[in-house]
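upload14.cif (mmCIF, C-alpha atoms and all ligand atoms)
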data_input
loop_
_atom_site.label_atom_id
_atom_site.label_comp_id
_atom_site.auth_asym_id
_atom_site.auth_seq_id
_atom_site.Cartn_x
_atom_site.Cartn_y
_atom_site.Cartn_z
CA MET A 182 62.41 163.37 50.16
CA ALA A 183 63.25 160.20 52.06
CA GLU A 184 59.57 159.34 52.11
CA THR A 185 59.20 159.80 48.36
CA MET A 186 62.19 157.57 47.74
CA GLN A 187 60.81 154.87 49.96
CA GLY A 188 57.38 155.05 48.40
CA SER A 189 58.81 154.80 44.95
CA GLU A 190 61.03 151.89 45.98
CA ALA A 191 58.13 149.93 47.38
CA GLY A 192 55.83 150.62 44.46
CA GLU A 193 58.29 150.83 41.60
CA GLY A 194 61.11 148.58 42.83
CA LEU A 195 63.10 146.19 40.73
CA LEU A 196 62.07 142.63 40.05
CA VAL A 197 64.84 140.31 41.24
CA LEU A 198 65.42 137.45 38.81
CA ALA A 199 67.58 134.66 40.28
CA VAL A 200 69.54 132.67 37.73
CA PRO A 201 71.84 129.65 38.32
CA SER A 202 75.45 130.83 38.27
CA LYS A 203 77.10 127.43 38.15
CA GLY A 204 76.48 123.72 38.03
CA ARG A 205 74.21 121.70 35.79
CA LEU A 206 71.42 124.20 35.47
CA GLN A 207 73.47 127.21 34.49
CA GLU A 208 73.96 126.62 30.78
CA ASN A 209 70.43 125.36 30.14
CA ALA A 210 68.91 128.23 32.08
CA ALA A 211 70.87 130.80 30.09
CA ALA A 212 69.77 129.09 26.86
CA PHE A 213 66.15 129.10 28.02
CA PHE A 214 66.17 132.85 28.69
CA GLY A 215 68.05 133.42 25.44
CA ARG A 216 65.32 131.65 23.45
CA ALA A 217 62.79 133.94 25.07
CA GLY A 218 64.78 136.94 23.81
CA LEU A 219 66.08 137.75 27.28
CA THR A 220 69.78 138.54 27.10
CA PHE A 221 71.86 139.06 30.21
CA ALA A 222 74.16 142.02 30.54
CA GLN A 223 76.48 140.80 33.25
CA GLY A 224 78.49 143.26 35.30
CA ALA A 225 82.07 143.98 34.34
CA GLY A 226 83.88 141.07 35.98
CA ALA A 227 83.18 137.35 35.94
CA ARG A 228 82.83 137.74 39.71
CA ASP A 229 80.06 140.27 39.44
CA TYR A 230 77.01 138.45 40.70
CA ARG A 231 74.49 141.06 39.62
CA GLY A 232 73.41 142.04 36.16
CA ARG A 233 70.57 143.41 34.04
CA LEU A 234 68.49 142.26 31.12
CA VAL A 235 69.12 144.01 27.82
CA GLY A 236 66.13 146.17 26.93
CA VAL A 237 64.01 145.20 29.94
CA PRO A 238 64.04 147.85 32.66
CA ASP A 239 62.88 147.13 36.21
CA VAL A 240 64.80 143.83 36.43
CA GLU A 241 67.89 143.02 38.47
CA VAL A 242 69.51 139.68 37.68
CA ARG A 243 71.24 137.82 40.52
CA TYR A 244 73.53 134.90 39.82
CA LEU A 245 73.22 132.32 42.58
CA SER A 246 73.59 128.58 43.15
CA ALA A 247 70.49 126.46 42.58
CA SER A 248 70.00 125.91 46.30
CA GLU A 249 70.43 129.61 47.14
CA ILE A 250 67.76 130.39 44.55
CA ALA A 251 65.32 128.15 46.40
CA SER A 252 65.94 129.93 49.71
CA GLN A 253 65.75 133.41 48.19
CA LEU A 254 62.41 132.62 46.57
CA ALA A 255 61.19 131.30 49.92
CA SER A 256 62.21 134.44 51.81
CA GLY A 257 61.01 136.79 49.09
CA ALA A 258 64.49 138.18 48.38
CA ALA A 259 63.98 137.06 44.77
CA HIS A 260 60.75 137.40 42.80
CA LEU A 261 61.40 134.92 40.02
CA GLY A 262 63.98 132.19 39.61
CA VAL A 263 65.04 128.99 37.92
CA THR A 264 65.84 126.05 40.14
CA GLY A 265 65.21 122.33 40.64
CA GLU A 266 61.91 121.19 42.11
CA ASP A 267 63.93 118.91 44.42
CA LEU A 268 65.51 121.96 46.04
CA ILE A 269 62.17 123.75 46.32
CA ARG A 270 60.52 120.78 48.07
CA GLU A 271 63.54 120.23 50.30
CA THR A 272 64.14 123.84 51.30
CA LEU A 273 60.57 125.12 51.67
CA PRO A 274 58.48 123.64 54.48
CA ASP A 275 55.29 124.93 52.84
CA ALA A 276 56.20 125.16 49.15
CA SER A 277 52.67 125.79 47.87
CA GLY A 278 52.18 128.69 50.26
CA GLN A 279 55.55 130.27 49.54
CA VAL A 280 56.07 129.88 45.80
CA GLU A 281 54.24 129.11 42.58
CA LEU A 282 55.87 126.64 40.20
CA LEU A 283 55.00 128.41 36.95
CA THR A 284 56.26 125.88 34.43
CA PRO A 285 58.66 122.93 34.16
CA LEU A 286 61.51 123.76 31.80
CA GLY A 287 62.41 120.40 30.25
CA PHE A 288 65.96 120.23 31.63
CA GLY A 289 67.67 119.39 34.92
CA GLN A 290 65.82 116.10 35.26
CA ALA A 291 66.86 114.23 38.38
CA THR A 292 65.10 111.71 40.59
CA VAL A 293 65.43 111.71 44.37
CA VAL A 294 65.68 108.06 45.44
CA VAL A 295 66.27 105.73 48.36
CA ALA A 296 69.22 103.47 47.51
CA VAL A 297 70.67 100.54 49.45
CA PRO A 298 73.69 98.28 48.88
CA GLN A 299 73.19 95.82 46.01
CA ALA A 300 74.49 93.18 48.42
CA TRP A 301 71.22 93.46 50.38
CA ILE A 302 69.50 91.02 48.04
CA ASP A 303 66.42 90.52 50.21
CA VAL A 304 65.78 94.23 50.56
CA ARG A 305 63.69 95.41 47.66
CA ALA A 306 61.04 97.70 49.13
CA MET A 307 60.53 100.25 51.91
CA SER A 308 58.75 97.57 53.98
CA ASP A 309 61.89 95.39 53.83
CA LEU A 310 63.89 98.39 54.93
CA ASP A 311 61.59 98.83 57.90
CA GLU A 312 62.44 95.27 58.96
CA VAL A 313 66.17 95.86 58.53
CA ALA A 314 65.92 99.02 60.61
CA SER A 315 63.97 97.36 63.46
CA ASP A 316 66.34 94.43 63.36
CA MET A 317 69.38 96.67 63.68
CA ARG A 318 67.79 98.52 66.53
CA VAL A 319 66.87 95.35 68.44
CA ARG A 320 69.90 93.17 67.74
CA GLN A 321 72.69 95.69 67.49
CA GLY A 322 71.25 98.51 69.54
CA ARG A 323 71.93 101.09 66.84
CA ARG A 324 69.92 102.85 64.24
CA LEU A 325 70.06 102.58 60.47
CA ARG A 326 72.05 105.53 59.12
CA ILE A 327 70.93 107.37 56.00
CA ALA A 328 73.38 109.69 54.26
CA THR A 329 71.66 112.57 52.47
CA LYS A 330 71.46 116.29 51.89
CA TYR A 331 67.68 115.91 51.40
CA VAL A 332 66.94 115.80 55.13
CA ASN A 333 63.35 117.07 54.94
CA LEU A 334 62.33 115.02 51.92
CA THR A 335 63.78 111.93 53.60
CA ARG A 336 61.95 112.52 56.91
CA ARG A 337 58.65 113.08 55.13
CA PHE A 338 59.01 110.05 52.86
CA PHE A 339 60.10 107.68 55.62
CA ALA A 340 57.24 108.85 57.85
CA GLU A 341 54.76 108.21 55.03
CA HIS A 342 56.12 104.67 54.82
CA GLY A 343 55.98 104.16 58.56
CA VAL A 344 59.74 103.76 58.92
CA ALA A 345 60.95 105.44 62.11
CA ASP A 346 64.07 103.59 63.25
CA TYR A 347 66.75 105.56 61.46
CA ARG A 348 69.22 108.37 61.87
CA ILE A 349 70.16 110.92 59.23
CA VAL A 350 73.82 111.59 58.57
CA GLU A 351 73.92 114.89 56.77
CA SER A 352 76.08 114.69 53.67
CA LEU A 353 77.37 117.62 51.68
CA GLY A 354 78.83 115.76 48.73
CA ALA A 355 79.83 112.34 47.37
CA THR A 356 76.82 110.96 49.23
CA GLU A 357 76.87 107.67 47.34
CA GLY A 358 80.28 106.91 48.81
CA ALA A 359 78.96 106.88 52.39
CA PRO A 360 78.06 103.15 52.61
CA ALA A 361 81.47 102.04 51.32
CA ALA A 362 83.16 104.54 53.62
CA GLY A 363 81.19 103.15 56.55
CA SER A 364 79.57 106.44 57.54
CA ALA A 365 76.02 105.26 56.69
CA GLU A 366 74.21 102.10 55.58
CA ILE A 367 72.00 103.63 52.88
CA VAL A 368 71.57 106.90 50.96
CA VAL A 369 68.91 109.28 49.69
CA ASP A 370 70.24 111.24 46.73
CA ILE A 371 69.45 112.39 43.22
CA THR A 372 70.20 110.28 40.21
CA THR A 373 69.96 110.99 36.51
CA THR A 374 71.73 108.27 34.54
CA GLY A 375 72.20 105.91 37.50
CA ALA A 376 75.94 105.74 36.82
CA THR A 377 77.00 107.03 40.24
CA LEU A 378 74.72 104.59 42.09
CA ALA A 379 76.01 101.68 39.99
CA ALA A 380 79.63 102.69 40.51
CA ASN A 381 79.00 102.58 44.25
CA ALA A 382 77.18 99.20 44.12
CA LEU A 383 73.87 100.70 45.22
CA LYS A 384 70.35 99.92 43.99
CA ILE A 385 67.11 101.89 44.12
CA LEU A 386 64.27 100.35 46.15
CA ASP A 387 61.23 99.37 44.04
CA ASP A 388 59.05 101.93 45.83
CA GLY A 389 61.98 104.18 46.69
CA ILE A 390 61.27 107.06 44.31
CA ILE A 391 60.71 110.15 46.42
CA LEU A 392 60.39 112.79 43.72
CA ARG A 393 60.90 113.19 39.99
CA SER A 394 62.37 116.63 39.63
CA GLU A 395 63.22 119.00 36.84
CA ALA A 396 64.17 122.64 36.60
CA ASN A 397 61.19 124.98 36.99
CA LEU A 398 60.45 128.63 36.53
CA VAL A 399 59.38 129.59 40.04
CA ALA A 400 57.74 132.75 41.39
CA SER A 401 57.91 133.87 45.00
CA LEU A 402 54.64 134.62 46.77
CA LYS A 403 56.56 136.23 49.64
CA ALA A 404 58.34 138.92 47.61
CA ALA A 405 57.02 142.47 47.38
CA TRP A 406 55.07 142.68 44.13
CA GLY A 407 54.67 146.39 43.50
CA ALA A 408 53.71 148.11 40.28
CA GLY A 409 57.26 147.97 38.89
CA GLN A 410 57.66 144.27 39.56
CA ARG A 411 54.28 143.45 38.10
CA ARG A 412 55.12 145.38 34.94
CA ALA A 413 58.43 143.55 34.66
CA VAL A 414 56.95 140.10 35.26
CA ALA A 415 54.32 140.73 32.59
CA THR A 416 57.11 141.46 30.09
CA LEU A 417 59.20 138.45 31.14
CA LEU A 418 56.35 135.96 31.20
CA GLY A 419 54.95 137.41 27.97
CA ARG A 420 58.17 136.62 26.15
CA ILE A 421 58.55 133.22 27.80
CA ALA A 422 54.99 132.25 26.91
CA ALA A 423 55.44 133.50 23.34
CA GLU A 424 58.56 131.41 22.92
CA GLU A 425 56.88 128.35 24.42
CA ARG A 426 53.85 128.77 22.19
CA ALA A 427 56.12 129.21 19.16
CA ARG A 428 58.26 126.20 20.02
CA THR A 429 55.31 123.87 20.30
CA THR A 430 53.35 125.08 17.27
CA ARG A 431 53.99 125.20 13.53
CA GLU A 432 52.64 127.63 11.01
CA ILE A 433 51.24 126.10 7.84
CA ARG A 434 50.84 128.26 4.76
CA ALA A 435 49.18 127.29 1.53
CA ALA A 436 47.42 128.71 -1.51
CA ARG A 437 43.65 128.45 -1.62
CA PRO A 438 42.39 125.92 -4.22
CA ALA A 439 41.62 127.52 -7.58
CA SER A 440 37.90 126.86 -6.93
CA GLY A 441 38.23 128.87 -3.70
CA ASP A 442 36.23 126.12 -2.07
CA ILE A 443 37.83 124.81 1.16
CA ASP A 444 36.40 124.30 4.67
CA LEU A 445 39.19 125.87 6.69
CA ALA A 446 37.23 126.09 9.93
CA GLY A 447 36.39 122.38 9.73
CA LEU A 448 39.99 121.42 8.96
CA ALA A 449 41.27 123.56 11.81
CA ALA A 450 38.78 122.12 14.28
CA SER A 451 39.54 118.50 13.38
CA HIS A 452 43.31 119.05 13.75
CA GLY A 453 43.45 121.17 16.89
CA ALA A 454 44.66 124.05 14.74
CA GLU A 455 43.77 127.73 14.73
CA LEU A 456 43.33 130.33 12.03
CA PRO A 457 45.24 133.24 13.57
CA TYR A 458 44.36 135.61 10.72
CA GLY A 459 40.85 134.28 10.03
CA SER A 460 39.50 132.04 7.27
CA GLU A 461 38.58 134.74 4.78
CA GLY A 462 41.01 136.67 2.68
CA GLY A 463 42.85 136.28 -0.57
CA SER A 464 44.68 133.31 -1.94
CA GLU A 465 46.86 132.82 1.14
CA ILE A 466 45.83 130.42 3.90
CA VAL A 467 47.60 130.50 7.30
CA LEU A 468 47.01 127.98 10.08
CA ARG A 469 48.82 127.20 13.31
CA CYS A 470 48.78 123.70 14.73
CA PRO A 471 50.53 121.66 17.44
CA ALA A 472 53.97 120.62 16.15
CA ALA A 473 53.09 116.94 16.55
CA GLY A 474 50.10 117.22 14.21
CA LEU A 475 51.65 119.11 11.34
CA PHE A 476 51.98 116.24 8.84
CA ASP A 477 48.35 115.19 9.28
CA LEU A 478 47.15 118.72 8.73
CA ALA A 479 49.46 119.27 5.74
CA ASP A 480 48.10 116.07 4.15
CA ALA A 481 44.51 117.07 4.84
CA LEU A 482 45.08 120.49 3.26
CA ALA A 483 46.58 118.92 0.15
CA GLN A 484 43.63 116.50 -0.02
CA ALA A 485 41.28 119.44 0.14
CA GLY A 486 42.96 120.96 -2.87
CA ALA A 487 45.24 123.49 -1.22
CA LEU A 488 48.43 124.21 -3.17
CA ALA A 489 52.02 124.90 -2.20
CA VAL A 490 51.56 123.73 1.36
CA SER A 491 54.57 124.80 3.42
CA VAL A 492 55.37 124.53 7.10
CA ARG A 493 57.58 126.74 9.18
CA ARG A 494 58.63 127.40 12.71
CA VAL A 495 57.91 130.77 14.19
CA ASP A 496 60.26 132.46 16.63
CA TYR A 497 57.61 133.99 18.85
CA ALA A 498 53.83 133.64 18.91
CA PHE A 499 52.27 136.32 21.07
CA GLY A 500 48.72 135.50 22.05
CA ALA A 501 45.89 137.36 23.68
CA GLY A 502 46.26 135.63 27.05
CA ASN A 503 49.25 134.61 29.10
CA PRO A 504 48.47 131.56 31.23
CA LEU A 505 51.70 131.91 33.25
CA LEU A 506 51.00 135.50 34.19
CA GLU A 507 47.34 134.81 34.90
CA ARG A 508 48.28 132.00 37.29
CA LEU A 509 50.77 134.16 39.14
CA LEU A 510 48.45 137.16 39.43
CA ALA A 511 45.68 134.91 40.73
CA ARG A 512 48.02 133.69 43.50
CA LEU A 513 49.13 137.23 44.38
CA SER A 514 45.67 138.67 44.82
N1 LIG A 601 72.74 114.59 37.50
C1 LIG A 601 72.46 115.63 38.29
N2 LIG A 601 73.15 115.80 39.39
C2 LIG A 601 72.92 116.83 40.19
N3 LIG A 601 71.95 117.73 40.02
C3 LIG A 601 71.20 117.60 38.96
C4 LIG A 601 71.43 116.57 38.03
N4 LIG A 601 70.55 116.72 37.10
C5 LIG A 601 69.82 117.76 37.42
N5 LIG A 601 70.18 118.32 38.55
C6 LIG A 601 69.52 119.49 39.19
O1 LIG A 601 70.45 120.53 39.41
C7 LIG A 601 70.35 120.97 40.75
C8 LIG A 601 71.64 121.58 41.18
O2 LIG A 601 72.65 120.64 41.06
P1 LIG A 601 74.11 121.08 40.72
O3 LIG A 601 74.92 119.86 40.82
O4 LIG A 601 74.10 121.87 39.49
O5 LIG A 601 74.39 122.10 41.86
P2 LIG A 601 75.57 122.09 42.81
O6 LIG A 601 76.66 122.80 42.10
O7 LIG A 601 75.79 120.71 43.27
O8 LIG A 601 74.94 123.03 43.88
P3 LIG A 601 75.28 123.08 45.40
O9 LIG A 601 76.69 123.51 45.47
O10 LIG A 601 74.30 124.12 45.91
O11 LIG A 601 74.99 121.69 45.89
C9 LIG A 601 69.90 119.73 41.49
O12 LIG A 601 69.33 120.01 42.73
C10 LIG A 601 68.90 119.16 40.53
O13 LIG A 601 67.68 119.85 40.64
O1 LIG A 602 72.88 109.39 38.20
P1 LIG A 602 74.06 110.17 37.73
O2 LIG A 602 73.92 110.57 36.28
O3 LIG A 602 75.34 109.45 37.98
O4 LIG A 602 74.12 111.58 38.50
C1 LIG A 602 73.90 111.69 39.87
C2 LIG A 602 75.05 112.35 40.56
O5 LIG A 602 75.27 113.67 40.10
C3 LIG A 602 75.18 114.59 41.21
O6 LIG A 602 76.40 114.90 41.74
P2 LIG A 602 77.29 116.10 41.18
O7 LIG A 602 78.14 115.63 40.05
O8 LIG A 602 76.45 117.30 40.90
O9 LIG A 602 78.25 116.40 42.39
P3 LIG A 602 77.83 117.02 43.80
O10 LIG A 602 77.47 115.85 44.64
O11 LIG A 602 79.08 117.70 44.22
O12 LIG A 602 76.71 117.97 43.58
C4 LIG A 602 74.33 113.85 42.22
O13 LIG A 602 74.56 114.32 43.52
C5 LIG A 602 74.75 112.43 42.03
O14 LIG A 602 75.88 112.15 42.78
MG MG A 603 75.73 118.76 42.23
#
Represent the structure of the file as structure tokens.
Amino acid sequence: MAETMQGSEAGEGLLVLAVPSKGRLQENAAAFFGRAGLTFAQGAGARDYRGRLVGVPDVEVRYLSASEIASQLASGAAHLGVTGEDLIRETLPDASGQVELLTPLGFGQATVVVAVPQAWIDVRAMSDLDEVASDMRVRQGRRLRIATKYVNLTRRFFAEHGVADYRIVESLGATEGAPAAGSAEIVVDITTTGATLAANALKILDDGIILRSEANLVASLKAAWGAGQRRAVATLLGRIAAEERARTTREIRAARPASGDIDLAGLAASHGAELPYGSEGGSEIVLRCPAAGLFDLADALAQAGALAVSVRRVDYAFGAGNPLLERLLARLS
């Protein structure tokens, strides 16, 4: 009995989907899953940090902070999650061996930067910073202090730039205030609008961009991917891919010219479009094209004699292949 249970847990276990529970990513992440037709059924209370997906068995949803999601993907406690690339690169020593970044999500943009006081007018680049650091070490006998919560990203970036004379002061919040407060000389932190840096009289070094980050859909390579989890991930990624395909394409419908004479295959090829239902058929023509090219294609159809050209968005466009799933399965095998 116990053995059967265990076997079925390993093979048929739940896929753990880690979703931001607070902060900047939460709302956008919920909207992203919603667009893909994935609706959360949260437990009874607002403090219930586990839930399910409506109509998708084999999935347990866990609500976590963005940084916890990164560590759970790394350890394999979660199979799939949404979090910032900055947190993945910071938290995971070997990101490419531990997780697969399946797709950027178009929100949560933030840049990890090296910023110094604006008053340091002669310090514009990492090489200037190297001089400042050596100078401090030699003349004052102390090391340049960097306030950051991105300890690993900072060490890697400074090593790449050959800067070694520094000391990291780990900061857990209000990092940009550290220079004014006297607890560090410079900072490494994320910025989006630049408002916080400006308010603290800091400037980004010309070559001080460590990473341009955005929220990603991330899969763990360390989690147990049994039959149940693979079934669930195929469903999830199928819907996500269908929504993405739908969002970036438009469907163009028209009536065939009275003569019946129109080179649909040629038009499709020259506009990066496809003929999802073929080029034969009755009076109705249906094409799908990249959203950006829809006006060109609509014009070309009208030129070719097509009538009643109309364009619409589709909610989901399921295709034969699923590039997200294929990438993940290739990494798992
Ligand atoms: N302007 C921004 N400030 C902070 N984070 C941002 C911003 N824009 C995008 N993000 C992304 O959101 C992630 C989480 O930041 P957020 O501020 O939501 O979490 P948090 O509540 O500070 O989490 P924690 O308590 O774990 O630090 C960041 O690591 C980054 O990837
Ligand atoms: O460039 P900006 O648009 O000004 O945004 C950047 C600021 O936002 C974040 O802080 P957050 O408000 O998340 O507070 P936290 O430090 O407590 O995470 C980040 O740590 C920066 O301080
Ligand atoms: Mg924050």
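With distances taken over only C-alpha atoms and all ligand atoms, A:Glu357 is the one residue among A:Asp311, A:Glu249, A:Glu208, A:Glu357 lying closest to ligand LIG 602 (chain A).
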- Task: Show which residues sit within 10 Å of stretch 340-354 of chain A, as an NGL selection string. Count all atoms listed in the file, and ignore same-chain residues fewer than 5 positions away.
- Result: :A and (307-308 or 310-318 or 323-332 or 334-335 or 359 or 364-370 or 388)
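Among the candidate residues A:Leu219, A:Val295, A:Leu392, A:Ile385, the one lying nearest to ligand LIG 601 (chain A) is A:Leu392, with distances computed using only C-alpha atoms and all ligand atoms.
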Write out as a tab-separated table the residues of chain A that have any atom within 10 Å of an atom of ligand LIG 601 (chain A), one row each with the nearest atom pair and its distance in Å to one decimal, counting all atoms listed in the file, sorted by chain and then rising number.
residue	atom	partner	partner_atom	distance
A:Pro201	CA	A:LIG601	O4	8.2
A:Ser202	CA	A:LIG601	O6	9.0
A:Lys203	CA	A:LIG601	O6	6.1
A:Gly204	CA	A:LIG601	O4	3.3
A:Arg205	CA	A:LIG601	O4	3.7
A:Leu206	CA	A:LIG601	O4	5.4
A:Gln207	CA	A:LIG601	O4	7.3
A:Glu208	CA	A:LIG601	O4	9.9
A:Leu245	CA	A:LIG601	O10	8.9
A:Ser246	CA	A:LIG601	O10	5.3
A:Ala247	CA	A:LIG601	C8	5.2
A:Ser248	CA	A:LIG601	O10	4.7
A:Glu249	CA	A:LIG601	O10	6.8
A:Ile250	CA	A:LIG601	O10	9.2
A:Ala251	CA	A:LIG601	O12	9.8
A:Val263	CA	A:LIG601	O13	9.9
A:Thr264	CA	A:LIG601	O13	6.5
A:Gly265	CA	A:LIG601	O13	3.5
A:Glu266	CA	A:LIG601	O13	6.1
A:Asp267	CA	A:LIG601	O13	5.4
A:Leu268	CA	A:LIG601	O12	5.4
A:Ile269	CA	A:LIG601	O13	8.8
A:Glu271	CA	A:LIG601	O12	9.5
A:Phe288	CA	A:LIG601	C5	7.4
A:Gly289	CA	A:LIG601	C5	3.7
A:Gln290	CA	A:LIG601	C5	4.8
A:Ala291	CA	A:LIG601	N4	4.6
A:Thr292	CA	A:LIG601	N4	8.2
A:Val293	CA	A:LIG601	C10	9.1
A:Lys330	CA	A:LIG601	O11	8.8
A:Tyr331	CA	A:LIG601	O12	9.7
A:Leu353	CA	A:LIG601	O11	7.5
A:Gly354	CA	A:LIG601	O11	7.6
A:Asp370	CA	A:LIG601	C2	9.0
A:Ile371	CA	A:LIG601	N2	6.3
A:Thr372	CA	A:LIG601	N1	5.7
A:Thr373	CA	A:LIG601	N1	4.7
A:Thr374	CA	A:LIG601	N1	7.1
A:Gly375	CA	A:LIG601	N1	8.7
A:Ala376	CA	A:LIG601	N1	9.4
A:Thr377	CA	A:LIG601	N1	9.1
A:Arg393	CA	A:LIG601	O13	9.5
A:Ser394	CA	A:LIG601	O13	6.3
A:Glu395	CA	A:LIG601	O13	5.9
A:Ala396	CA	A:LIG601	O13	6.0
A:Asn397	CA	A:LIG601	O13	9.0
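Going from atom CA of A:Ala427 to atom CA of A:Leu468 covers 12.9 Å.
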- With all atoms listed in the file as the basis for distance, which of A:Leu482, A:Leu417, A:Leu448, A:Val319 is at the shortest distance from A:Thr220? A:Leu417
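Atom CA of A:Leu283 is found 17.6 Å from atom CA of A:Ser256.
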- Message: Report, in Å with one decimal, the straight-line distance from atom O10 of ligand LIG 602 (chain A) to atom CA of A:Ala361.
- Response: 15.9 Å
- Item | Among the residues A:Gly358, A:Gly215, A:Gly389, A:Ala422, the one that comes closest to ligand LIG 602 (chain A) [using all atoms listed in the file] | A:Gly358
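When all atoms listed in the file are used to measure the gap to ligand LIG 602 (chain A), the shortest distance among A:Leu383, A:Leu261, A:Val197, A:Val242 belongs to A:Leu383.
Among the candidate residues A:Ala487, A:Ile421, A:Val399, A:Leu509, the one lying nearest to A:Phe214 is A:Ile421, with distances computed using all atoms listed in the file.
Near A:Ser460, within 8 Å and counting all atoms listed in the file, sit A:Leu445, A:Ala446, A:Ile466, not including residues fewer than 5 positions from it in the same chain.
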- Query: Within 10 Å of (57.6, 128.0, 26.8), in the coordinates the file gives, what residues turn up when you count only C-alpha atoms, written out as a PyMOL selection string?
  - Reply: chain A and resi 213+216-217+284-287+418-429+497+505
Step by step, gather every atom of ligand LIG 602 (chain A) that the file lists, find the box along x, y and z that holds them, add 5 Å on each side, and finally give centre and edge lengths in Å to one decimal, as lines of an AutoDock Vina configuration file.
center_x = 76.0
center_y = 113.7
center_z = 40.5
size_x = 16.2
size_y = 18.6
size_z = 18.4
- Which protein, DNA or RNA residues have an atom at most 10 Å from (38.4, 117.5, -1.8), counting only C-alpha atoms? List them as a ChimeraX atom specification. /A:438,442-444,481-487
Output of the above residues as a PDB file, in the frame of the given file, restricted to C-alpha atoms:
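The new file result.pdb reads:
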ATOM      1  CA  PRO A 438      42.390 125.920  -4.220  1.00  0.00           C
ATOM      2  CA  ASP A 442      36.230 126.120  -2.070  1.00  0.00           C
ATOM      3  CA  ILE A 443      37.830 124.810   1.160  1.00  0.00           C
ATOM      4  CA  ASP A 444      36.400 124.300   4.670  1.00  0.00           C
ATOM      5  CA  ALA A 481      44.510 117.070   4.840  1.00  0.00           C
ATOM      6  CA  LEU A 482      45.080 120.490   3.260  1.00  0.00           C
ATOM      7  CA  ALA A 483      46.580 118.920   0.150  1.00  0.00           C
ATOM      8  CA  GLN A 484      43.630 116.500  -0.020  1.00  0.00           C
ATOM      9  CA  ALA A 485      41.280 119.440   0.140  1.00  0.00           C
ATOM     10  CA  GLY A 486      42.960 120.960  -2.870  1.00  0.00           C
ATOM     11  CA  ALA A 487      45.240 123.490  -1.220  1.00  0.00           C
TER      12      ALA A 487
END
- Spatial neighbours of A:Ser491, max dist 8 Å, all atoms listed in the file, sep filter under 3 positions, as a ChimeraX atom specification: /A:433-435,479
Could you rebuild stretch 403-413 of chain A with N, CA, C and O atoms and give me the result as a CSV table (one decimal), in the frame of the given file?
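File result36.csv, as written:
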chain,number,residue,atom,x,y,z
A,403,LYS,N,56.2,135.5,48.5
A,403,LYS,CA,56.6,136.2,49.6
A,403,LYS,C,57.2,137.5,49.3
A,403,LYS,O,57.4,138.4,50.1
A,404,ALA,N,57.6,137.7,48.0
A,404,ALA,CA,58.3,138.9,47.6
A,404,ALA,C,57.3,140.1,47.5
A,404,ALA,O,56.1,139.9,47.5
A,405,ALA,N,57.9,141.3,47.5
A,405,ALA,CA,57.0,142.5,47.4
A,405,ALA,C,56.7,142.7,45.9
A,405,ALA,O,57.6,142.9,45.1
A,406,TRP,N,55.5,142.5,45.5
A,406,TRP,CA,55.1,142.7,44.1
A,406,TRP,C,54.4,144.0,43.9
A,406,TRP,O,53.2,144.2,44.0
A,407,GLY,N,55.2,145.1,43.8
A,407,GLY,CA,54.7,146.4,43.5
A,407,GLY,C,54.4,146.6,42.0
A,407,GLY,O,54.6,145.7,41.2
A,408,ALA,N,54.1,147.8,41.7
A,408,ALA,CA,53.7,148.1,40.3
A,408,ALA,C,54.9,147.8,39.3
A,408,ALA,O,54.7,147.2,38.3
A,409,GLY,N,56.1,148.2,39.7
A,409,GLY,CA,57.3,148.0,38.9
A,409,GLY,C,57.5,146.5,38.6
A,409,GLY,O,57.8,146.1,37.5
A,410,GLN,N,57.4,145.7,39.7
A,410,GLN,CA,57.7,144.3,39.6
A,410,GLN,C,56.6,143.6,38.7
A,410,GLN,O,56.9,142.7,38.0
A,411,ARG,N,55.4,144.1,38.9
A,411,ARG,CA,54.3,143.4,38.1
A,411,ARG,C,54.4,143.8,36.6
A,411,ARG,O,54.2,142.9,35.7
A,412,ARG,N,54.9,145.0,36.3
A,412,ARG,CA,55.1,145.4,34.9
A,412,ARG,C,56.2,144.5,34.4
A,412,ARG,O,56.1,144.0,33.3
A,413,ALA,N,57.3,144.3,35.1
A,413,ALA,CA,58.4,143.6,34.7
A,413,ALA,C,58.0,142.1,34.5
A,413,ALA,O,58.4,141.5,33.5
